[in-house]
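Shown here: input_3.txt, compact mmCIF, C-alpha atoms.
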```
# COMPACT_ATOMS: atom_id res chain seq x y z
CA MET A 1 99.66 179.35 70.88
CA PRO A 2 102.47 178.20 73.22
CA ASN A 3 106.14 178.84 72.64
CA VAL A 4 108.50 176.06 73.76
CA VAL A 5 112.16 176.19 74.85
CA VAL A 6 114.22 173.01 74.42
CA VAL A 7 117.22 172.70 76.75
CA GLY A 8 119.78 170.07 77.62
CA THR A 9 119.64 168.97 81.25
CA GLN A 10 123.07 167.36 81.59
CA TRP A 11 126.45 168.27 80.06
CA GLY A 12 125.23 168.48 76.48
CA ASP A 13 124.91 165.78 73.79
CA GLU A 14 121.49 164.77 75.10
CA GLY A 15 119.93 164.47 71.65
CA LYS A 16 118.27 167.89 71.46
CA GLY A 17 118.53 167.97 67.67
CA LYS A 18 116.27 164.97 67.20
CA ILE A 19 113.62 166.34 69.56
CA VAL A 20 113.72 169.78 67.95
CA ASP A 21 113.35 168.12 64.55
CA LEU A 22 110.33 166.20 65.83
CA LEU A 23 108.63 169.27 67.32
CA THR A 24 109.39 171.49 64.34
CA GLU A 25 106.40 169.96 62.54
CA GLN A 26 104.27 172.12 64.85
CA ALA A 27 106.44 175.25 64.85
CA ALA A 28 106.39 178.19 62.47
CA MET A 29 109.84 179.27 63.65
CA VAL A 30 112.85 177.55 65.20
CA VAL A 31 115.34 179.82 66.94
CA ARG A 32 118.91 179.00 67.98
CA PHE A 33 119.66 181.34 70.89
CA GLN A 34 123.24 180.69 72.11
CA GLY A 35 126.51 178.84 71.57
CA GLY A 36 128.46 178.34 68.38
CA ASN A 37 129.81 175.58 66.21
CA ASN A 38 131.25 173.88 69.29
CA ALA A 39 127.85 172.17 69.38
CA GLY A 40 126.61 169.56 66.96
CA HIS A 41 123.10 168.26 66.38
CA THR A 42 122.84 164.87 64.68
CA LEU A 43 119.59 163.94 62.96
CA VAL A 44 118.63 160.70 61.24
CA VAL A 45 115.71 161.15 58.86
CA GLY A 46 114.63 158.23 56.71
CA GLY A 47 117.95 156.53 57.42
CA GLU A 48 119.86 159.59 56.17
CA LYS A 49 122.22 161.29 58.62
CA PHE A 50 122.52 165.07 58.97
CA ILE A 51 124.89 166.94 61.30
CA PHE A 52 124.33 170.64 61.99
CA HIS A 53 126.62 172.92 63.98
CA LEU A 54 125.00 176.32 63.45
CA ILE A 55 121.86 175.93 61.35
CA PRO A 56 118.83 175.19 63.57
CA SER A 57 117.62 171.60 63.40
CA GLY A 58 114.29 172.63 61.88
CA ILE A 59 115.86 173.40 58.52
CA LEU A 60 114.79 169.99 57.17
CA HIS A 61 111.11 170.98 57.42
CA PRO A 62 109.73 172.90 54.42
CA GLY A 63 107.79 175.99 55.43
CA THR A 64 109.57 176.45 58.75
CA GLN A 65 111.65 179.59 59.25
CA CYS A 66 114.95 179.05 61.12
CA LEU A 67 116.54 181.95 62.97
CA ILE A 68 120.03 182.38 64.42
CA GLY A 69 119.79 184.76 67.37
CA ASN A 70 122.12 187.41 68.69
CA GLY A 71 123.23 185.13 71.53
CA VAL A 72 125.04 182.86 69.07
CA VAL A 73 128.68 183.34 68.06
CA LEU A 74 128.88 182.73 64.33
CA ASP A 75 131.76 181.34 62.31
CA PRO A 76 130.72 182.46 58.80
CA GLU A 77 132.96 179.91 57.09
CA VAL A 78 131.31 177.05 58.98
CA LEU A 79 127.81 178.36 58.27
CA LEU A 80 128.49 178.76 54.55
CA THR A 81 129.97 175.25 54.40
CA GLU A 82 126.79 173.88 56.01
CA LEU A 83 124.69 175.75 53.46
CA ASP A 84 126.78 174.39 50.58
CA ASN A 85 126.54 170.84 51.94
CA LEU A 86 122.75 171.08 52.20
CA LYS A 87 122.55 172.43 48.65
CA ALA A 88 124.62 169.49 47.42
CA ARG A 89 122.02 167.18 48.99
CA GLY A 90 119.16 168.96 47.26
CA ILE A 91 118.08 171.15 50.19
CA VAL A 92 118.03 174.81 49.24
CA VAL A 93 118.42 177.34 52.06
CA GLY A 94 117.78 181.05 51.59
CA PRO A 95 116.05 184.09 53.16
CA GLU A 96 112.70 182.32 53.05
CA ASN A 97 113.81 179.68 55.58
CA LEU A 98 116.96 180.97 57.32
CA ARG A 99 117.69 184.35 58.89
CA ILE A 100 120.58 185.63 61.04
CA SER A 101 120.44 188.39 63.64
CA GLU A 102 122.40 191.48 62.64
CA ARG A 103 123.62 191.59 66.26
CA THR A 104 125.21 188.13 66.21
CA GLN A 105 128.91 188.15 67.11
CA VAL A 106 131.38 186.86 64.51
CA ILE A 107 134.12 184.33 65.29
CA MET A 108 137.36 185.61 63.76
CA PRO A 109 140.49 183.62 62.82
CA TYR A 110 142.37 185.03 65.81
CA HIS A 111 139.70 183.71 68.17
CA LYS A 112 140.36 180.15 66.97
CA ARG A 113 144.13 180.53 67.12
CA LEU A 114 143.94 181.98 70.62
CA ASP A 115 141.67 179.15 71.75
CA LEU A 116 144.06 176.44 70.55
CA ALA A 117 147.20 178.18 71.79
CA ARG A 118 145.78 178.69 75.28
CA GLU A 119 144.81 175.03 75.58
CA ARG A 120 148.32 173.99 74.53
CA ALA A 121 149.84 176.34 77.08
CA LYS A 122 147.70 174.91 79.90
CA GLY A 123 148.81 171.34 79.25
CA ALA A 124 147.18 168.90 81.66
CA ALA A 125 145.14 171.74 83.21
CA LYS A 126 143.31 172.49 79.94
CA ILE A 127 139.55 173.04 80.00
CA GLY A 128 138.90 170.71 77.07
CA THR A 129 137.43 173.26 74.65
CA THR A 130 136.72 172.34 71.04
CA GLY A 131 139.25 174.93 69.83
CA ARG A 132 136.60 176.62 67.68
CA GLY A 133 137.16 180.10 69.11
CA ILE A 134 133.90 180.20 71.06
CA GLY A 135 135.28 181.45 74.39
CA PRO A 136 137.56 184.15 72.95
CA CYS A 137 134.68 185.44 70.81
CA TYR A 138 132.39 185.73 73.83
CA GLU A 139 135.23 187.47 75.70
CA ASP A 140 135.40 190.14 73.01
CA LYS A 141 131.62 190.53 73.10
CA VAL A 142 131.66 191.24 76.83
CA ALA A 143 134.71 193.50 76.50
CA ARG A 144 132.82 195.50 73.82
CA ARG A 145 135.44 194.92 71.15
CA GLY A 146 133.69 192.21 69.17
CA ILE A 147 132.75 192.27 65.50
CA ARG A 148 129.09 191.65 64.67
CA VAL A 149 127.37 190.37 61.55
CA ALA A 150 126.15 193.90 60.79
CA ASP A 151 129.78 195.06 60.67
CA LEU A 152 130.60 192.52 57.94
CA LEU A 153 128.07 194.24 55.66
CA ASP A 154 129.88 197.60 55.79
CA PRO A 155 133.45 197.30 54.41
CA GLU A 156 134.66 200.55 55.97
CA VAL A 157 133.27 199.78 59.41
CA PHE A 158 134.62 196.24 59.31
CA LYS A 159 138.08 197.37 58.24
CA ALA A 160 138.23 200.03 60.95
CA ASN A 161 137.09 197.62 63.68
CA LEU A 162 139.53 194.95 62.55
CA ALA A 163 142.42 197.43 62.37
CA ASP A 164 141.59 198.56 65.90
CA VAL A 165 141.59 195.11 67.54
CA LEU A 166 144.16 193.16 65.51
CA PRO A 167 147.35 194.70 67.00
CA GLU A 168 146.27 193.63 70.48
CA LYS A 169 145.48 190.09 69.32
CA ASN A 170 148.80 189.79 67.50
CA PHE A 171 150.72 191.04 70.52
CA TYR A 172 149.07 188.43 72.75
CA LEU A 173 149.60 185.66 70.20
CA GLU A 174 153.26 186.48 69.55
CA LYS A 175 154.57 187.69 72.90
CA PHE A 176 152.62 185.56 75.35
CA LEU A 177 151.48 182.43 73.50
CA LYS A 178 154.44 182.25 71.06
CA ASP A 179 152.15 181.76 68.09
CA ALA A 180 151.94 183.32 64.64
CA PRO A 181 150.27 186.73 64.09
CA PHE A 182 147.80 187.75 61.37
CA THR A 183 147.98 190.44 58.72
CA LEU A 184 144.99 192.69 58.17
CA GLU A 185 144.52 191.68 54.55
CA GLU A 186 144.48 187.91 55.14
CA ILE A 187 141.38 188.41 57.29
CA LEU A 188 139.76 191.41 55.62
CA THR A 189 139.33 190.08 52.07
CA PRO A 190 137.82 186.63 52.76
CA TYR A 191 135.53 187.93 55.52
CA LEU A 192 134.13 190.70 53.33
CA GLU A 193 133.41 188.08 50.66
CA MET A 194 131.63 185.89 53.18
CA GLY A 195 129.71 188.94 54.38
CA LYS A 196 128.37 189.46 50.86
CA ARG A 197 127.07 185.89 50.77
CA LEU A 198 125.43 186.24 54.17
CA ALA A 199 123.88 189.67 53.53
CA PRO A 200 120.52 188.41 52.16
CA LEU A 201 120.00 186.39 55.35
CA VAL A 202 120.63 189.20 57.84
CA THR A 203 117.67 190.70 59.70
CA ASN A 204 116.37 191.93 63.05
CA VAL A 205 115.43 188.60 64.65
CA SER A 206 113.75 190.20 67.68
CA VAL A 207 111.32 192.11 65.45
CA ARG A 208 110.49 188.96 63.47
CA LEU A 209 109.77 187.09 66.69
CA ALA A 210 107.51 189.87 67.96
CA GLU A 211 105.51 189.72 64.73
CA ALA A 212 105.19 185.92 65.02
CA VAL A 213 103.94 186.31 68.61
CA ARG A 214 101.32 188.85 67.48
CA GLN A 215 100.15 186.39 64.83
CA GLY A 216 99.84 183.59 67.40
CA ARG A 217 102.37 181.35 65.66
CA ASN A 218 104.24 178.58 67.53
CA ILE A 219 107.92 179.32 68.17
CA LEU A 220 110.48 176.71 69.20
CA PHE A 221 113.70 177.87 70.88
CA GLU A 222 116.71 175.56 70.83
CA GLY A 223 119.84 175.89 72.90
CA ALA A 224 123.21 174.26 72.50
CA GLN A 225 125.23 172.33 75.11
CA GLY A 226 123.53 171.56 78.44
CA THR A 227 122.52 173.19 81.70
CA HIS A 228 125.62 172.09 83.59
CA LEU A 229 127.87 173.71 81.02
CA ASP A 230 126.20 177.07 81.74
CA ILE A 231 128.74 179.81 82.42
CA ASP A 232 126.89 180.89 85.58
CA HIS A 233 125.27 177.69 86.86
CA GLY A 234 127.48 174.90 85.49
CA THR A 235 130.53 173.09 86.86
CA TYR A 236 132.72 176.17 86.56
CA PRO A 237 135.37 176.54 85.11
CA TYR A 238 134.66 173.39 83.05
CA VAL A 239 131.77 175.09 81.27
CA THR A 240 130.93 176.81 78.01
CA SER A 241 130.99 180.60 77.58
CA SER A 242 127.25 181.27 77.31
CA ASN A 243 123.93 180.50 79.03
CA PRO A 244 122.31 177.27 77.74
CA VAL A 245 119.57 177.54 80.38
CA ALA A 246 116.04 178.49 79.31
CA GLY A 247 116.45 182.10 80.44
CA GLY A 248 119.17 182.46 77.81
CA ALA A 249 116.46 182.34 75.15
CA CYS A 250 115.28 185.80 76.21
CA THR A 251 118.64 187.55 75.91
CA GLY A 252 119.88 185.35 73.07
CA ALA A 253 116.90 185.89 70.79
CA GLY A 254 115.40 189.18 71.94
CA ILE A 255 112.08 188.07 73.39
CA GLY A 256 110.41 188.76 76.75
CA PRO A 257 110.19 186.04 79.41
CA ASN A 258 106.39 186.19 79.40
CA GLN A 259 106.52 184.78 75.85
CA LEU A 260 108.26 181.56 76.91
CA HIS A 261 105.42 179.28 77.90
CA ARG A 262 106.94 175.80 78.28
CA VAL A 263 110.40 174.37 78.84
CA LEU A 264 111.21 170.85 77.68
CA GLY A 265 114.30 169.30 79.24
CA ILE A 266 116.14 166.71 77.16
CA VAL A 267 117.52 163.84 79.26
CA LYS A 268 119.78 161.11 77.98
CA ALA A 269 118.79 157.86 79.72
CA TYR A 270 122.31 157.76 81.16
CA THR A 271 124.90 160.52 81.49
CA THR A 272 127.75 161.62 79.24
CA ARG A 273 130.36 164.32 79.30
CA VAL A 274 133.01 165.50 76.81
CA GLY A 275 136.26 167.10 77.90
CA SER A 276 137.53 167.76 81.39
CA GLY A 277 135.60 168.33 84.59
CA PRO A 278 134.12 166.32 87.47
CA PHE A 279 131.71 163.49 86.64
CA PRO A 280 130.46 161.72 89.82
CA THR A 281 128.65 158.82 88.08
CA GLU A 282 131.28 158.09 85.42
CA CYS A 283 131.70 154.37 84.63
CA LEU A 284 135.30 153.37 83.95
CA ASP A 285 134.37 149.72 83.40
CA GLU A 286 132.55 147.46 80.97
CA VAL A 287 129.29 149.37 81.52
CA GLY A 288 130.98 152.55 80.34
CA ASP A 289 132.34 150.71 77.32
CA HIS A 290 128.87 149.33 76.54
CA LEU A 291 127.35 152.82 76.65
CA VAL A 292 130.05 154.21 74.35
CA GLU A 293 129.73 151.40 71.81
CA CYS A 294 125.96 150.93 71.78
CA GLY A 295 125.25 154.64 72.09
CA ALA A 296 127.84 155.67 69.46
CA GLU A 297 129.14 158.14 72.01
CA PHE A 298 131.55 160.17 69.95
CA GLY A 299 131.23 163.95 69.58
CA SER A 300 129.56 165.12 66.37
CA THR A 301 131.77 168.22 66.40
CA THR A 302 135.15 166.83 67.49
CA GLY A 303 134.81 163.06 67.16
CA ARG A 304 136.07 162.73 70.73
CA ARG A 305 134.95 159.69 72.76
CA ARG A 306 132.45 160.80 75.34
CA ARG A 307 132.80 159.86 78.98
CA CYS A 308 129.79 157.77 80.03
CA GLY A 309 128.12 156.95 83.34
CA TRP A 310 124.89 156.25 85.18
CA LEU A 311 121.95 158.63 85.24
CA ASP A 312 122.47 161.41 87.80
CA ALA A 313 119.24 162.68 89.36
CA VAL A 314 121.11 165.35 91.34
CA VAL A 315 122.11 166.89 88.03
CA LEU A 316 118.55 166.59 86.72
CA LYS A 317 116.90 168.10 89.79
CA ASP A 318 119.18 171.12 89.59
CA SER A 319 118.27 171.44 85.90
CA ALA A 320 114.55 171.30 86.69
CA ARG A 321 114.98 174.18 89.13
CA LEU A 322 117.29 176.31 86.96
CA ASN A 323 115.17 176.00 83.83
CA GLY A 324 111.67 175.76 85.27
CA LEU A 325 111.14 172.51 83.38
CA THR A 326 107.54 171.67 82.45
CA GLY A 327 108.34 168.36 80.76
CA LEU A 328 111.07 165.82 80.01
CA ALA A 329 112.11 164.12 76.77
CA ILE A 330 114.11 160.92 77.32
CA THR A 331 116.61 159.93 74.62
CA LYS A 332 118.75 156.85 73.94
CA LEU A 333 116.67 154.65 76.21
CA ASP A 334 117.41 151.71 73.92
CA VAL A 335 121.14 151.90 74.75
CA LEU A 336 120.40 150.57 78.26
CA THR A 337 118.89 147.37 76.86
CA GLY A 338 120.86 144.41 78.21
CA VAL A 339 122.34 146.35 81.15
CA ASN A 340 121.35 144.73 84.46
CA PRO A 341 120.92 146.18 86.99
CA VAL A 342 120.48 149.83 85.99
CA LYS A 343 121.48 152.50 88.47
CA ILE A 344 120.34 156.02 89.27
CA CYS A 345 122.34 158.39 91.45
CA VAL A 346 119.81 159.90 93.87
CA ALA A 347 122.18 161.95 96.03
CA TYR A 348 125.87 162.49 96.82
CA ASP A 349 127.86 161.46 99.85
CA ALA A 350 129.93 164.52 100.69
CA GLY A 351 132.23 163.26 103.46
CA GLY A 352 129.40 161.54 105.29
CA VAL A 353 126.87 164.29 104.62
CA ARG A 354 124.02 163.63 102.15
CA GLN A 355 124.10 166.24 99.40
CA GLU A 356 121.14 166.64 97.03
CA THR A 357 122.33 169.63 95.01
CA ILE A 358 125.53 170.20 93.06
CA PRO A 359 128.07 172.14 95.15
CA ALA A 360 129.39 175.42 93.77
CA THR A 361 133.08 174.53 93.65
CA ILE A 362 134.93 171.88 91.72
CA GLN A 363 136.89 171.01 94.85
CA GLU A 364 133.69 170.15 96.73
CA LEU A 365 132.18 168.25 93.81
CA GLU A 366 135.28 166.12 93.33
CA LYS A 367 134.88 164.90 96.91
CA CYS A 368 131.28 163.78 96.33
CA ARG A 369 130.53 160.12 95.85
CA PRO A 370 127.29 158.93 94.22
CA ILE A 371 124.56 157.29 96.27
CA PHE A 372 122.89 154.83 93.92
CA GLU A 373 119.53 153.15 93.68
CA GLU A 374 119.54 149.91 91.69
CA MET A 375 116.66 148.75 89.54
CA PRO A 376 116.13 145.66 87.36
CA GLY A 377 117.17 146.11 83.75
CA TRP A 378 115.51 144.74 80.61
CA THR A 379 116.62 142.59 77.71
CA ASP A 380 113.77 143.16 75.24
CA ASP A 381 114.60 145.10 72.08
CA ILE A 382 112.58 148.30 72.50
CA ARG A 383 113.52 150.07 69.25
CA GLY A 384 110.35 148.87 67.56
CA VAL A 385 108.05 150.02 70.39
CA ARG A 386 105.79 152.97 69.49
CA ARG A 387 103.46 153.13 72.50
CA TYR A 388 104.60 153.90 76.05
CA GLN A 389 102.39 151.18 77.51
CA ASP A 390 104.08 148.58 75.30
CA LEU A 391 107.50 149.15 76.88
CA PRO A 392 108.71 146.36 79.21
CA ALA A 393 107.60 146.76 82.82
CA ALA A 394 111.21 147.28 83.97
CA THR A 395 111.67 150.08 81.42
CA GLN A 396 108.47 151.80 82.53
CA ASN A 397 109.55 151.52 86.18
CA TYR A 398 112.88 153.16 85.32
CA LEU A 399 111.08 156.05 83.62
CA LYS A 400 108.57 156.43 86.46
CA ARG A 401 111.38 156.63 89.00
CA MET A 402 113.03 159.31 86.90
CA GLU A 403 109.80 161.34 86.94
CA GLU A 404 109.51 160.96 90.72
CA LEU A 405 113.07 162.07 91.37
CA VAL A 406 112.99 165.07 89.05
CA GLY A 407 109.40 166.05 89.81
CA THR A 408 108.63 166.61 86.13
CA PRO A 409 106.43 164.55 83.78
CA ILE A 410 107.91 162.67 80.83
CA GLN A 411 106.39 163.90 77.55
CA ILE A 412 108.57 162.23 74.91
CA VAL A 413 110.53 158.95 74.83
CA SER A 414 113.08 158.15 72.13
CA VAL A 415 114.10 154.53 71.53
CA GLY A 416 116.38 154.97 68.51
CA PRO A 417 118.12 157.60 66.37
CA ASP A 418 115.55 157.85 63.58
CA ARG A 419 112.77 160.43 63.63
CA GLU A 420 110.17 157.64 63.66
CA GLU A 421 111.64 155.85 66.70
CA THR A 422 109.89 158.17 69.12
CA MET A 423 106.86 158.11 71.42
CA VAL A 424 104.98 161.30 72.27
CA VAL A 425 103.30 160.74 75.64
CA SER A 426 101.94 164.30 75.74
CA ASN A 427 102.51 167.10 73.27
CA PRO A 428 104.65 170.02 74.58
CA PHE A 429 102.72 172.29 72.18
CA GLY A 430 99.37 170.84 73.23
```
Translate the structure described by the file into structure tokens.
Amino acid sequence: MPNVVVVGTQWGDEGKGKIVDLLTEQAAMVVRFQGGNNAGHTLVVGGEKFIFHLIPSGILHPGTQCLIGNGVVLDPEVLLTELDNLKARGIVVGPENLRISERTQVIMPYHKRLDLARERAKGAAKIGTTGRGIGPCYEDKVARRGIRVADLLDPEVFKANLADVLPEKNFYLEKFLKDAPFTLEEILTPYLEMGKRLAPLVTNVSVRLAEAVRQGRNILFEGAQGTHLDIDHGTYPYVTSSNPVAGGACTGAGIGPNQLHRVLGIVKAYTTRVGSGPFPTECLDEVGDHLVECGAEFGSTTGRRRRCGWLDAVVLKDSARLNGLTGLAITKLDVLTGVNPVKICVAYDAGGVRQETIPATIQELEKCRPIFEEMPGWTDDIRGVRRYQDLPAATQNYLKRMEELVGTPIQIVSVGPDREETMVVSNPFG
């Protein structure tokens, strides 16, 4: 049976959570392979809204096992709060439907304080992080001084590791960033308690995946953020600290690349971005306001207003290449209803030179100006449409042009936030 990777093709917030929730009906396992609680997946099921930051979106499906891979950075307090919130809504989560890799890195209180203090110190030059400690935690992972979930389960190991790293963190906080230090005990005691609660969920995720592959079970891999926030391939330095591209599923979950059979790219019908960084198709006019208001474009993690603009096919073509996309899922198509004309950026004008890929440097990208194609819009309410062929002709033409530009077939079309407001043109698991 095929295994499917779901990735964002833009700068995140494409609606991956809804698509993962939809596909989970056919998956035995759903695996989150990178990022942290700087991401948020919003699901609307039966009119009820759920927001997840760490728990994979498939948790709402009975019988599906959700796994948090080693490529994730885990804030245990956030995860336990999510578990408590689900329990309060009558959804019980335990070892039978959620497991955490023993190799997952743990976000510590000093990571969050460092994150916020650095952003304050940068002033106008700040990156625009969520302040959740994601970057500093990944830094410690790469520097081989991080604390992993397995460490939380051994009080002596955890205490020794914390005692080793804390003086350095306090020195940096106090002497360079002029912020408050931590004592050992104020971290040690609550984290050991959280470790006890998490212990029943901890496992070797890679081994579990290998067993599922041997049994021929469908596995769905979900990333956080989007391709152009990738630490290697995104609009550096305005990126996240991990690899949201499909290849990140291998390192972030512990599975070989020959076991990733299909890659579904999630595309918002327009483009959004949160935080700083270049955005060639950004609309600073009434169209941008329409997209914000009708699309409810506010971050599910931070509540920040998202920057909105026209669809950028340069961004999408790069994503198709970087991820090896085999299909597209279009979200929030209904938000464009009433916008006329609709525009697609097909290339950039880089000082008189046509540019069809994203340049490597911010300085070059900031000089690029979008080259647009205009197409007729539509006024029909499409939220009630359930068959692709019943969409207005102008809507279908917009989607067909998207397929042509990206060179990838559309498999799913979403016309509203609810699980039911979705059309499956062809099944990614089929």
Within-10 Å shell of (150.2, 184.2, 64.9) in input frame, all atoms listed in the file, as an MDAnalysis selection string: chainID A and resid 109:110 113:114 117 169:175 177:183
Scan for residues within 8 Å of the point (104.7, 168.2, 79.8) in the coordinates of the file, using only C-alpha atoms, and reply as a ChimeraX atom specification. /A:264,326-328,408-411,426-428
Selected residue of minimal separation from Asp154 in chain A among A:Cys66, A:Val263, A:Ala199, A:Leu86, counting all atoms listed in the file: A:Ala199
Selection: 8 Å around Leu291 in chain A, only C-alpha atoms, excl. self and same-chain fewer than 2 positions, as a ChimeraX atom specification: /A:287-289,293-297,308-309,335-336
Atoms kept (C-alpha atoms) for selection, written as a PDB file, in the frame of the given file:
```pdb
ATOM      1  CA  VAL A 287     129.290 149.370  81.520  1.00  0.00           C
ATOM      2  CA  GLY A 288     130.980 152.550  80.340  1.00  0.00           C
ATOM      3  CA  ASP A 289     132.340 150.710  77.320  1.00  0.00           C
ATOM      4  CA  GLU A 293     129.730 151.400  71.810  1.00  0.00           C
ATOM      5  CA  CYS A 294     125.960 150.930  71.780  1.00  0.00           C
ATOM      6  CA  GLY A 295     125.250 154.640  72.090  1.00  0.00           C
ATOM      7  CA  ALA A 296     127.840 155.670  69.460  1.00  0.00           C
ATOM      8  CA  GLU A 297     129.140 158.140  72.010  1.00  0.00           C
ATOM      9  CA  CYS A 308     129.790 157.770  80.030  1.00  0.00           C
ATOM     10  CA  GLY A 309     128.120 156.950  83.340  1.00  0.00           C
ATOM     11  CA  VAL A 335     121.140 151.900  74.750  1.00  0.00           C
ATOM     12  CA  LEU A 336     120.400 150.570  78.260  1.00  0.00           C
TER      13      LEU A 336
END
```
Record the distance separating CA of Asn37 in chain A and CA of Leu365 in chain A, expressed in Å with one decimal.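 Computed distance, CA of Asn37 in chain A to CA of Leu365 in chain A, equals 28.7 Å.
Here the question is which of A:Ser276, A:Asn204, A:Thr104, A:Asn3 gets nearest to Ala124 in chain A using all atoms listed in the file, and that residue is A:Ser276.
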Choose the residue, out of A:Gly416, A:Gly254, A:Gly36, A:Gly384, that has the smallest atom-to-atom separation from Ile134 in chain A; count all atoms listed in the file. A:Gly36
Name the closest residue to Gly252 in chain A among the candidates A:Ala27, A:Val6, A:Leu399, A:Val73; distances are taken between atoms, counting all atoms listed in the file.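 Of A:Ala27, A:Val6, A:Leu399, A:Val73, the one nearest Gly252 in chain A, counting all atoms listed in the file, is A:Val73.
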As an exercise, work out the distance from CA of Trp310 in chain A to CA of Gln355 in chain A in Å and give it to one decimal place.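 It comes out at 17.4 Å.
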Between CA of Ser101 in chain A and CA of Asn258 in chain A - distance in Å to one decimal: 21.2 Å
Selection: 10 Å around Leu162 in chain A, only C-alpha atoms, excl. self and same-chain fewer than 3 positions, as a ChimeraX atom specification: /A:108,145-147,151,156-159,165-167,184-185,187-188
